[in-house]
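This is model.pdb. It holds PDB, C-alpha atoms and all ligand atoms.
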```
MODEL        1
ATOM      1  CA  MET A   1     103.737 -22.162 152.108
ATOM      2  CA  THR A   2     106.457 -24.347 153.682
ATOM      3  CA  ARG A   3     108.365 -23.757 156.894
ATOM      4  CA  LEU A   4     112.006 -24.840 157.138
ATOM      5  CA  ASN A   5     114.469 -24.609 159.969
ATOM      6  CA  LEU A   6     118.069 -24.136 158.948
ATOM      7  CA  ARG A   7     120.490 -23.758 161.863
ATOM      8  CA  GLY A   8     117.779 -22.054 163.914
ATOM      9  CA  PHE A   9     116.724 -19.687 161.100
ATOM     10  CA  GLU A  10     112.958 -20.163 160.648
ATOM     11  CA  ILE A  11     112.352 -19.842 156.936
ATOM     12  CA  HIS A  12     108.754 -19.310 155.852
ATOM     13  CA  LYS A  13     108.928 -20.041 152.118
ATOM     14  CA  GLY A  14     106.190 -18.316 150.155
ATOM     15  CA  PHE A  15     104.771 -16.609 153.253
ATOM     16  CA  LEU A  16     103.550 -13.625 151.214
ATOM     17  CA  SER A  17     101.255 -14.269 148.274
ATOM     18  CA  PRO A  18     102.086 -12.465 145.003
ATOM     19  CA  GLU A  19      99.200 -10.093 145.778
ATOM     20  CA  ARG A  20     100.595  -9.221 149.225
ATOM     21  CA  GLN A  21     104.046  -8.747 147.696
ATOM     22  CA  ARG A  22     102.635  -6.249 145.182
ATOM     23  CA  ALA A  23     100.751  -4.452 147.964
ATOM     24  CA  LEU A  24     103.985  -4.165 149.968
ATOM     25  CA  VAL A  25     105.811  -2.661 146.986
ATOM     26  CA  GLN A  26     103.084   0.001 146.790
ATOM     27  CA  VAL A  27     103.263   0.917 150.483
ATOM     28  CA  LEU A  28     107.064   1.093 150.297
ATOM     29  CA  ARG A  29     107.038   3.725 147.531
ATOM     30  CA  PRO A  30     106.208   6.655 149.853
ATOM     31  CA  VAL A  31     108.849   5.374 152.314
ATOM     32  CA  LEU A  32     111.474   5.704 149.578
ATOM     33  CA  GLN A  33     110.206   9.157 148.651
ATOM     34  CA  ALA A  34     110.459  10.372 152.248
ATOM     35  CA  ALA A  35     113.766   8.585 152.902
ATOM     36  CA  PRO A  36     115.723   8.051 149.670
ATOM     37  CA  LEU A  37     118.193   5.177 149.362
ATOM     38  CA  PHE A  38     121.828   5.962 150.166
ATOM     39  CA  SER A  39     125.090   3.995 149.921
ATOM     40  CA  PRO A  40     126.669   3.679 153.369
ATOM     41  CA  ASP A  41     130.431   4.090 153.675
ATOM     42  CA  VAL A  42     132.132   1.240 155.489
ATOM     43  CA  PRO A  43     134.533   1.915 158.360
ATOM     44  CA  GLY A  44     137.459   0.272 156.535
ATOM     45  CA  GLY A  45     136.963   2.485 153.452
ATOM     46  CA  GLY A  46     134.770   2.114 150.380
ATOM     47  CA  GLN A  47     131.012   1.798 150.179
ATOM     48  CA  MET A  48     128.536  -1.026 150.632
ATOM     49  CA  SER A  49     127.212  -2.417 147.345
ATOM     50  CA  VAL A  50     123.739  -2.556 148.895
ATOM     51  CA  ARG A  51     121.795   0.727 149.026
ATOM     52  CA  MET A  52     119.813   1.367 152.187
ATOM     53  CA  THR A  53     117.201   3.379 153.943
ATOM     54  CA  ALA A  54     114.825   2.766 156.842
ATOM     55  CA  ALA A  55     111.445   3.380 158.413
ATOM     56  CA  GLY A  56     110.602   3.618 162.112
ATOM     57  CA  GLY A  57     112.216   5.447 164.994
ATOM     58  CA  TYR A  58     115.709   4.342 163.993
ATOM     59  CA  GLY A  59     117.656   3.501 160.873
ATOM     60  CA  TRP A  60     120.971   1.682 160.680
ATOM     61  CA  PHE A  61     123.891   3.694 159.413
ATOM     62  CA  SER A  62     127.565   3.263 158.796
ATOM     63  CA  ASP A  63     130.419   5.594 157.948
ATOM     64  CA  LYS A  64     134.138   5.869 158.663
ATOM     65  CA  SER A  65     133.513   6.121 162.396
ATOM     66  CA  GLY A  66     131.557   2.857 162.620
ATOM     67  CA  TYR A  67     128.158   1.174 162.585
ATOM     68  CA  ARG A  68     125.221   2.513 164.573
ATOM     69  CA  TYR A  69     121.519   3.346 164.626
ATOM     70  CA  ILE A  70     120.556   6.960 163.969
ATOM     71  CA  ASP A  71     117.216   8.644 164.649
ATOM     72  CA  ALA A  72     116.951  10.537 161.346
ATOM     73  CA  HIS A  73     117.777   9.963 157.690
ATOM     74  CA  PRO A  74     121.243  11.320 156.750
ATOM     75  CA  SER A  75     119.404  14.262 155.102
ATOM     76  CA  GLY A  76     118.227  15.285 158.599
ATOM     77  CA  ARG A  77     114.559  14.407 157.958
ATOM     78  CA  ALA A  78     112.793  12.046 160.354
ATOM     79  CA  TRP A  79     112.496   8.426 159.174
ATOM     80  CA  PRO A  80     108.973   7.674 157.873
ATOM     81  CA  ALA A  81     106.687   5.384 159.873
ATOM     82  CA  ILE A  82     106.819   1.614 159.335
ATOM     83  CA  PRO A  83     103.832   0.735 157.102
ATOM     84  CA  ALA A  84     101.019  -1.183 158.836
ATOM     85  CA  GLU A  85     101.291  -4.025 156.268
ATOM     86  CA  VAL A  86     104.912  -4.575 157.326
ATOM     87  CA  LEU A  87     104.082  -4.388 161.045
ATOM     88  CA  GLY A  88     101.420  -7.059 160.479
ATOM     89  CA  ILE A  89     104.095  -9.555 159.379
ATOM     90  CA  TRP A  90     106.086  -8.875 162.568
ATOM     91  CA  GLU A  91     102.937  -9.354 164.653
ATOM     92  CA  THR A  92     102.198 -12.709 163.025
ATOM     93  CA  LEU A  93     105.689 -14.200 163.151
ATOM     94  CA  SER A  94     107.906 -12.542 165.762
ATOM     95  CA  GLY A  95     106.305 -13.824 168.983
ATOM     96  CA  SER A  96     107.476 -10.520 170.447
ATOM     97  CA  ASP A  97     105.649  -8.305 172.928
ATOM     98  CA  ARG A  98     107.338  -5.182 171.543
ATOM     99  CA  ALA A  99     106.872  -3.481 168.212
ATOM    100  CA  PRO A 100     109.894  -3.133 165.925
ATOM    101  CA  GLU A 101     111.645   0.234 166.077
ATOM    102  CA  CYS A 102     113.452  -0.129 162.773
ATOM    103  CA  CYS A 103     112.503  -1.476 159.387
ATOM    104  CA  LEU A 104     115.805  -1.508 157.573
ATOM    105  CA  PHE A 105     115.356  -1.413 153.785
ATOM    106  CA  ASN A 106     118.190  -2.956 151.761
ATOM    107  CA  TYR A 107     118.158  -2.717 147.980
ATOM    108  CA  TYR A 108     120.378  -5.123 146.025
ATOM    109  CA  GLY A 109     120.909  -4.009 142.445
ATOM    110  CA  GLU A 110     122.781  -6.117 139.900
ATOM    111  CA  GLY A 111     126.004  -7.450 141.469
ATOM    112  CA  ALA A 112     125.203  -6.252 145.012
ATOM    113  CA  LYS A 113     125.924  -8.514 147.973
ATOM    114  CA  MET A 114     126.295  -8.368 151.731
ATOM    115  CA  GLY A 115     129.287  -9.860 153.540
ATOM    116  CA  LEU A 116     128.978 -12.334 156.401
ATOM    117  CA  HIS A 117     128.132 -10.413 159.599
ATOM    118  CA  GLN A 118     126.227 -10.580 162.887
ATOM    119  CA  ASP A 119     123.373  -8.181 163.711
ATOM    120  CA  LYS A 120     124.573  -6.909 167.056
ATOM    121  CA  ASP A 121     124.028  -3.158 167.176
ATOM    122  CA  GLU A 122     120.691  -3.646 168.994
ATOM    123  CA  ALA A 123     120.442  -3.452 172.808
ATOM    124  CA  ASP A 124     118.471  -6.646 173.501
ATOM    125  CA  PHE A 125     119.084  -9.858 171.564
ATOM    126  CA  SER A 126     116.059 -11.593 173.096
ATOM    127  CA  TYR A 127     113.979  -9.973 170.333
ATOM    128  CA  PRO A 128     114.207 -11.627 166.912
ATOM    129  CA  VAL A 129     115.029 -10.020 163.599
ATOM    130  CA  VAL A 130     112.340 -10.663 160.984
ATOM    131  CA  SER A 131     113.514 -10.493 157.371
ATOM    132  CA  ILE A 132     111.242 -10.111 154.342
ATOM    133  CA  SER A 133     112.456 -10.777 150.785
ATOM    134  CA  LEU A 134     110.900  -9.109 147.728
ATOM    135  CA  GLY A 135     111.950  -9.213 144.096
ATOM    136  CA  ASP A 136     114.936 -11.110 142.733
ATOM    137  CA  ASP A 137     116.226 -14.309 144.349
ATOM    138  CA  GLY A 138     119.071 -13.886 146.845
ATOM    139  CA  LEU A 139     121.500 -16.518 148.089
ATOM    140  CA  LEU A 140     121.541 -16.314 151.888
ATOM    141  CA  ARG A 141     124.582 -17.776 153.627
ATOM    142  CA  ILE A 142     124.043 -18.874 157.224
ATOM    143  CA  GLY A 143     126.731 -19.718 159.755
ATOM    144  CA  GLY A 144     126.989 -20.056 163.512
ATOM    145  CA  THR A 145     127.802 -17.601 166.265
ATOM    146  CA  SER A 146     131.513 -17.645 165.478
ATOM    147  CA  ARG A 147     132.932 -16.646 162.120
ATOM    148  CA  ARG A 148     134.893 -19.921 161.920
ATOM    149  CA  GLU A 149     131.821 -22.159 161.896
ATOM    150  CA  LYS A 150     130.801 -23.973 158.739
ATOM    151  CA  THR A 151     128.156 -22.173 156.654
ATOM    152  CA  GLU A 152     125.201 -23.353 154.565
ATOM    153  CA  SER A 153     123.328 -21.460 151.878
ATOM    154  CA  ILE A 154     119.724 -21.227 150.768
ATOM    155  CA  TRP A 155     118.066 -19.268 147.978
ATOM    156  CA  LEU A 156     115.465 -16.817 149.253
ATOM    157  CA  ASN A 157     112.691 -15.974 146.812
ATOM    158  CA  SER A 158     110.227 -13.123 146.702
ATOM    159  CA  GLY A 159     107.664 -13.519 149.474
ATOM    160  CA  ASP A 160     109.892 -15.566 151.797
ATOM    161  CA  VAL A 161     110.126 -14.398 155.408
ATOM    162  CA  VAL A 162     112.930 -15.453 157.764
ATOM    163  CA  VAL A 163     112.836 -15.196 161.562
ATOM    164  CA  MET A 164     116.245 -15.013 163.241
ATOM    165  CA  GLY A 165     115.588 -15.589 166.907
ATOM    166  CA  GLY A 166     116.874 -17.620 169.848
ATOM    167  CA  GLU A 167     120.284 -19.142 169.075
ATOM    168  CA  ALA A 168     120.125 -17.877 165.500
ATOM    169  CA  ARG A 169     119.748 -14.254 166.592
ATOM    170  CA  LEU A 170     123.511 -13.757 166.709
ATOM    171  CA  ALA A 171     124.407 -16.126 163.898
ATOM    172  CA  TYR A 172     126.622 -14.912 161.075
ATOM    173  CA  HIS A 173     124.769 -14.413 157.807
ATOM    174  CA  GLY A 174     125.205 -12.644 154.498
ATOM    175  CA  VAL A 175     123.994 -12.553 150.905
ATOM    176  CA  ASP A 176     126.524 -13.836 148.372
ATOM    177  CA  ARG A 177     124.663 -12.882 145.231
ATOM    178  CA  ILE A 178     121.317 -12.224 143.662
ATOM    179  CA  ARG A 179     119.861 -13.582 140.435
ATOM    180  CA  PHE A 180     119.275 -10.240 138.764
ATOM    181  CA  LYS A 181     115.909  -9.997 136.959
ATOM    182  CA  SER A 182     114.774 -13.425 138.189
ATOM    183  CA  SER A 183     111.556 -11.798 139.440
ATOM    184  CA  ARG A 184     109.184  -9.361 137.796
ATOM    185  CA  LEU A 185     107.961  -7.820 141.044
ATOM    186  CA  LEU A 186     110.184  -4.730 140.880
ATOM    187  CA  PRO A 187     109.977  -2.949 137.515
ATOM    188  CA  LYS A 188     113.731  -2.251 137.374
ATOM    189  CA  GLY A 189     114.749  -5.609 138.840
ATOM    190  CA  GLY A 190     116.805  -6.131 141.980
ATOM    191  CA  ARG A 191     116.050  -7.423 145.426
ATOM    192  CA  VAL A 192     114.553  -5.649 148.434
ATOM    193  CA  ASN A 193     115.145  -7.052 151.887
ATOM    194  CA  LEU A 194     113.327  -5.557 154.852
ATOM    195  CA  THR A 195     114.536  -6.404 158.344
ATOM    196  CA  LEU A 196     112.420  -5.541 161.355
ATOM    197  CA  ARG A 197     114.306  -4.961 164.572
ATOM    198  CA  VAL A 198     113.745  -3.896 168.173
ATOM    199  CA  VAL A 199     116.663  -1.521 168.667
ATOM    200  CA  THR A 200     116.617  -0.110 172.221
TER     201      THR A 200
HETATM  202  O1  LIG B   1     119.254  -9.404 152.586
HETATM  203  C1  LIG B   1     119.132 -10.298 153.416
HETATM  204  O2  LIG B   1     118.445 -11.304 153.220
HETATM  205  C2  LIG B   1     119.872 -10.199 154.725
HETATM  206  C3  LIG B   1     120.048  -8.784 155.171
HETATM  207  C4  LIG B   1     120.948  -8.673 156.364
HETATM  208  O3  LIG B   1     121.741  -9.538 156.614
HETATM  209  C5  LIG B   1     120.891  -7.517 157.250
HETATM  210  O4  LIG B   1     120.192  -6.536 156.945
HETATM  211  O5  LIG B   1     121.545  -7.568 158.299
ENDMDL
END
```
Write-out of the structure in structure tokens:
Amino acid sequence: MTRLNLRGFEIHKGFLSPERQRALVQVLRPVLQAAPLFSPDVPGGGQMSVRMTAAGGYGWFSDKSGYRYIDAHPSGRAWPAIPAEVLGIWETLSGSDRAPECCLFNYYGEGAKMGLHQDKDEADFSYPVVSISLGDDGLLRIGGTSRREKTESIWLNSGDVVVMGGEARLAYHGVDRIRFKSSRLLPKGGRVNLTLRVVT
């Protein structure tokens, strides 16, 4: 395991052993059954290429009227609980005295990406966002707190965990592309990114 710091993003390369990664995939299966993936509409029109769902008290949602957290899956069913194995990663790395209220689940299939954005729909930015990568490699682009600032990119591999806290909490970031089928963790390929957030 190696720890890097890139513009305030703490990157724990290889934080999760292959065995822990496989265990996480197993505990995430019932989450997906209770809260199936959906493709959020974006306010400007169209749909995100990433499919999403969530666990915890809140899930992030977007449609024509904007971005927000909602307290139930779009089907109306409550979000499932955040698995203990996922909470354990937050407890080890977040340095936070509060538990996360949302585990956002992003699935990147072939060709999916996420544009440069800030995570700012939460009420208190003193809590970090902890991001867990599973499956195919993803190219994370990191900028500063204004969109104009220069960006740098780093490949995230399965088992890497990133902590976005302090100055980096409001930094622009996005995923430009994935290397589809670069990992064998997920039987159908693709990349899962979990982000743990304190929302209220
Ligand atoms: O997939 C990633 O590594 C980043 C996800 C992300 O930027 C987000 O959920 O806000």
Exercise. Mind pulling up the distance from atom CA of A:Trp79 to atom CA of A:Arg197?
Worked result: 14.5 Å
Exercise. Leaving out A:Gly165 and any residue of its chain fewer than 6 positions from it, which residues lie within 7 Å of it when counting all atoms listed in the file, given as a PyMOL selection string?
Worked result: chain A and resi 127-129
Exercise. Hey, which residues come within 10 Å of ligand LIG 1 (chain B) if we count all atoms listed in the file? Could you give them as a PyMOL selection string?
Worked result: chain A and resi 50+52+60+103-108+113-120+129-134+137-142+155-157+160-162+172-178+191-197
Spatial neighbours of A:Met48, 9 Å, only C-alpha atoms, chain gap at least 2 places, as a PDB file with C-alpha atoms, in the coordinates of the input:
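Below you can see out.pdb, which holds the result:
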```pdb
ATOM      1  CA  SER A  39     125.090   3.995 149.921  1.00  0.00           C
ATOM      2  CA  PRO A  40     126.669   3.679 153.369  1.00  0.00           C
ATOM      3  CA  ASP A  41     130.431   4.090 153.675  1.00  0.00           C
ATOM      4  CA  VAL A  42     132.132   1.240 155.489  1.00  0.00           C
ATOM      5  CA  GLY A  46     134.770   2.114 150.380  1.00  0.00           C
ATOM      6  CA  VAL A  50     123.739  -2.556 148.895  1.00  0.00           C
ATOM      7  CA  ARG A  51     121.795   0.727 149.026  1.00  0.00           C
ATOM      8  CA  ALA A 112     125.203  -6.252 145.012  1.00  0.00           C
ATOM      9  CA  LYS A 113     125.924  -8.514 147.973  1.00  0.00           C
ATOM     10  CA  MET A 114     126.295  -8.368 151.731  1.00  0.00           C
TER      11      MET A 114
END
```
Exercise. At what distance in Å, to one decimal, does atom CA of A:Val199 lie from atom CA of A:Arg68?
Worked result: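 Distance between the two atoms: 10.3 Å.
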Within 9 Å of A:Pro18, counting all atoms listed in the file, which residues show up once you throw out same-chain ones fewer than 5 positions away? Write them as a PDB file with C-alpha atoms, keeping the file's coordinate frame, please.
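Result file follows (part.pdb):
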```pdb
ATOM      1  CA  ALA A  23     100.751  -4.452 147.964  1.00  0.00           C
ATOM      2  CA  SER A 158     110.227 -13.123 146.702  1.00  0.00           C
ATOM      3  CA  GLY A 159     107.664 -13.519 149.474  1.00  0.00           C
ATOM      4  CA  LEU A 185     107.961  -7.820 141.044  1.00  0.00           C
TER       5      LEU A 185
END
```
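Using the PyMOL selection byres (((chain A and resi 180) around 7) and not hetatm) on this structure selects A:Glu110, A:Asp136, A:Ile178, A:Arg179, A:Lys181, A:Ser182, A:Gly189, A:Gly190.
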Problem set entry | For A:Gly56, the nearest of the candidates A:Gly95, A:Ala81, A:Glu152, A:Ile89, counting only C-alpha atoms |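 The closest residue to A:Gly56 is A:Ala81.
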For this session: Give me, please, the distance in Å between atom CA of A:Glu122 and atom CA of A:Leu87, quoted to one decimal.
Result: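 Straight-line distance from atom CA of A:Glu122 to atom CA of A:Leu87 works out to 18.4 Å.
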For this session: Please provide the set of residues having any atom within 9 Å of A:Pro83, restricted to only C-alpha atoms, with same-chain residues fewer than 6 positions apart removed, written as a ChimeraX atom specification.
Result: /A:24,27-28,31,55-56
For this session: Run through the PyMOL selection byres (((chain A and resi 35) around 10) and not hetatm) on the given coordinates and return the selected residues as a list in words.
Result: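 This file gives the following for the PyMOL selection byres (((chain A and resi 35) around 10) and not hetatm): Arg29, Pro30, Val31, Leu32, Gln33, Ala34, Pro36, Leu37, Phe38, Met52, Thr53, Ala54, Ala55, Ala72, His73, Pro74, Ser75, Gly76, Arg77, Ala78, Trp79 and Pro80 of chain A.
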For this session: Return the single residue from A:Ser126, A:Asn5, A:Gln26, A:Ser17 that is closest to A:Arg98, with distances computed using all atoms listed in the file.
Result: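 Nearest to A:Arg98: A:Ser126.
Among A:Phe9, A:Ser183, A:Arg147, A:Ser49, the residue with the shortest atom-to-atom distance to A:Arg169, counting all atoms listed in the file, is A:Phe9.
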Taking all atoms of stretch 135-147 of chain A that appear in the file, build a box with edges along x, y and z, extend it by 4 Å on every side, and state its centre and edge lengths in Å to one decimal, as AutoDock Vina command-line options.
```
--center_x 122.4 --center_y -14.6 --center_z 154.5 --size_x 29.0 --size_y 18.8 --size_z 31.5
```
Problem set entry | Residue among A:Arg22, A:Ile154, A:Leu6, A:Phe15 lying closest to A:Pro187, counting only C-alpha atoms |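 Closest to A:Pro187 of all the choices is A:Arg22.
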Exercise. Looking at A:Gly14, A:Val198, A:Glu167, A:Glu149, which one is nearest to A:Ser96, with distances taken over all atoms listed in the file?
Worked result: A:Val198
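For the choices A:Ile11, A:Met1, A:Leu16, A:Val25, the atom-to-atom distance to A:Arg184 is smallest for A:Val25 when using only C-alpha atoms.
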For this session: Tell me which residues the PyMOL selection byres (((chain A and resi 43) around 7) and not hetatm) grabs here, as a list in words.
Result: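 After applying the PyMOL selection byres (((chain A and resi 43) around 7) and not hetatm), what remains is Asp41, Val42, Gly44, Gly45, Asp63, Lys64, Ser65 and Gly66 of chain A.
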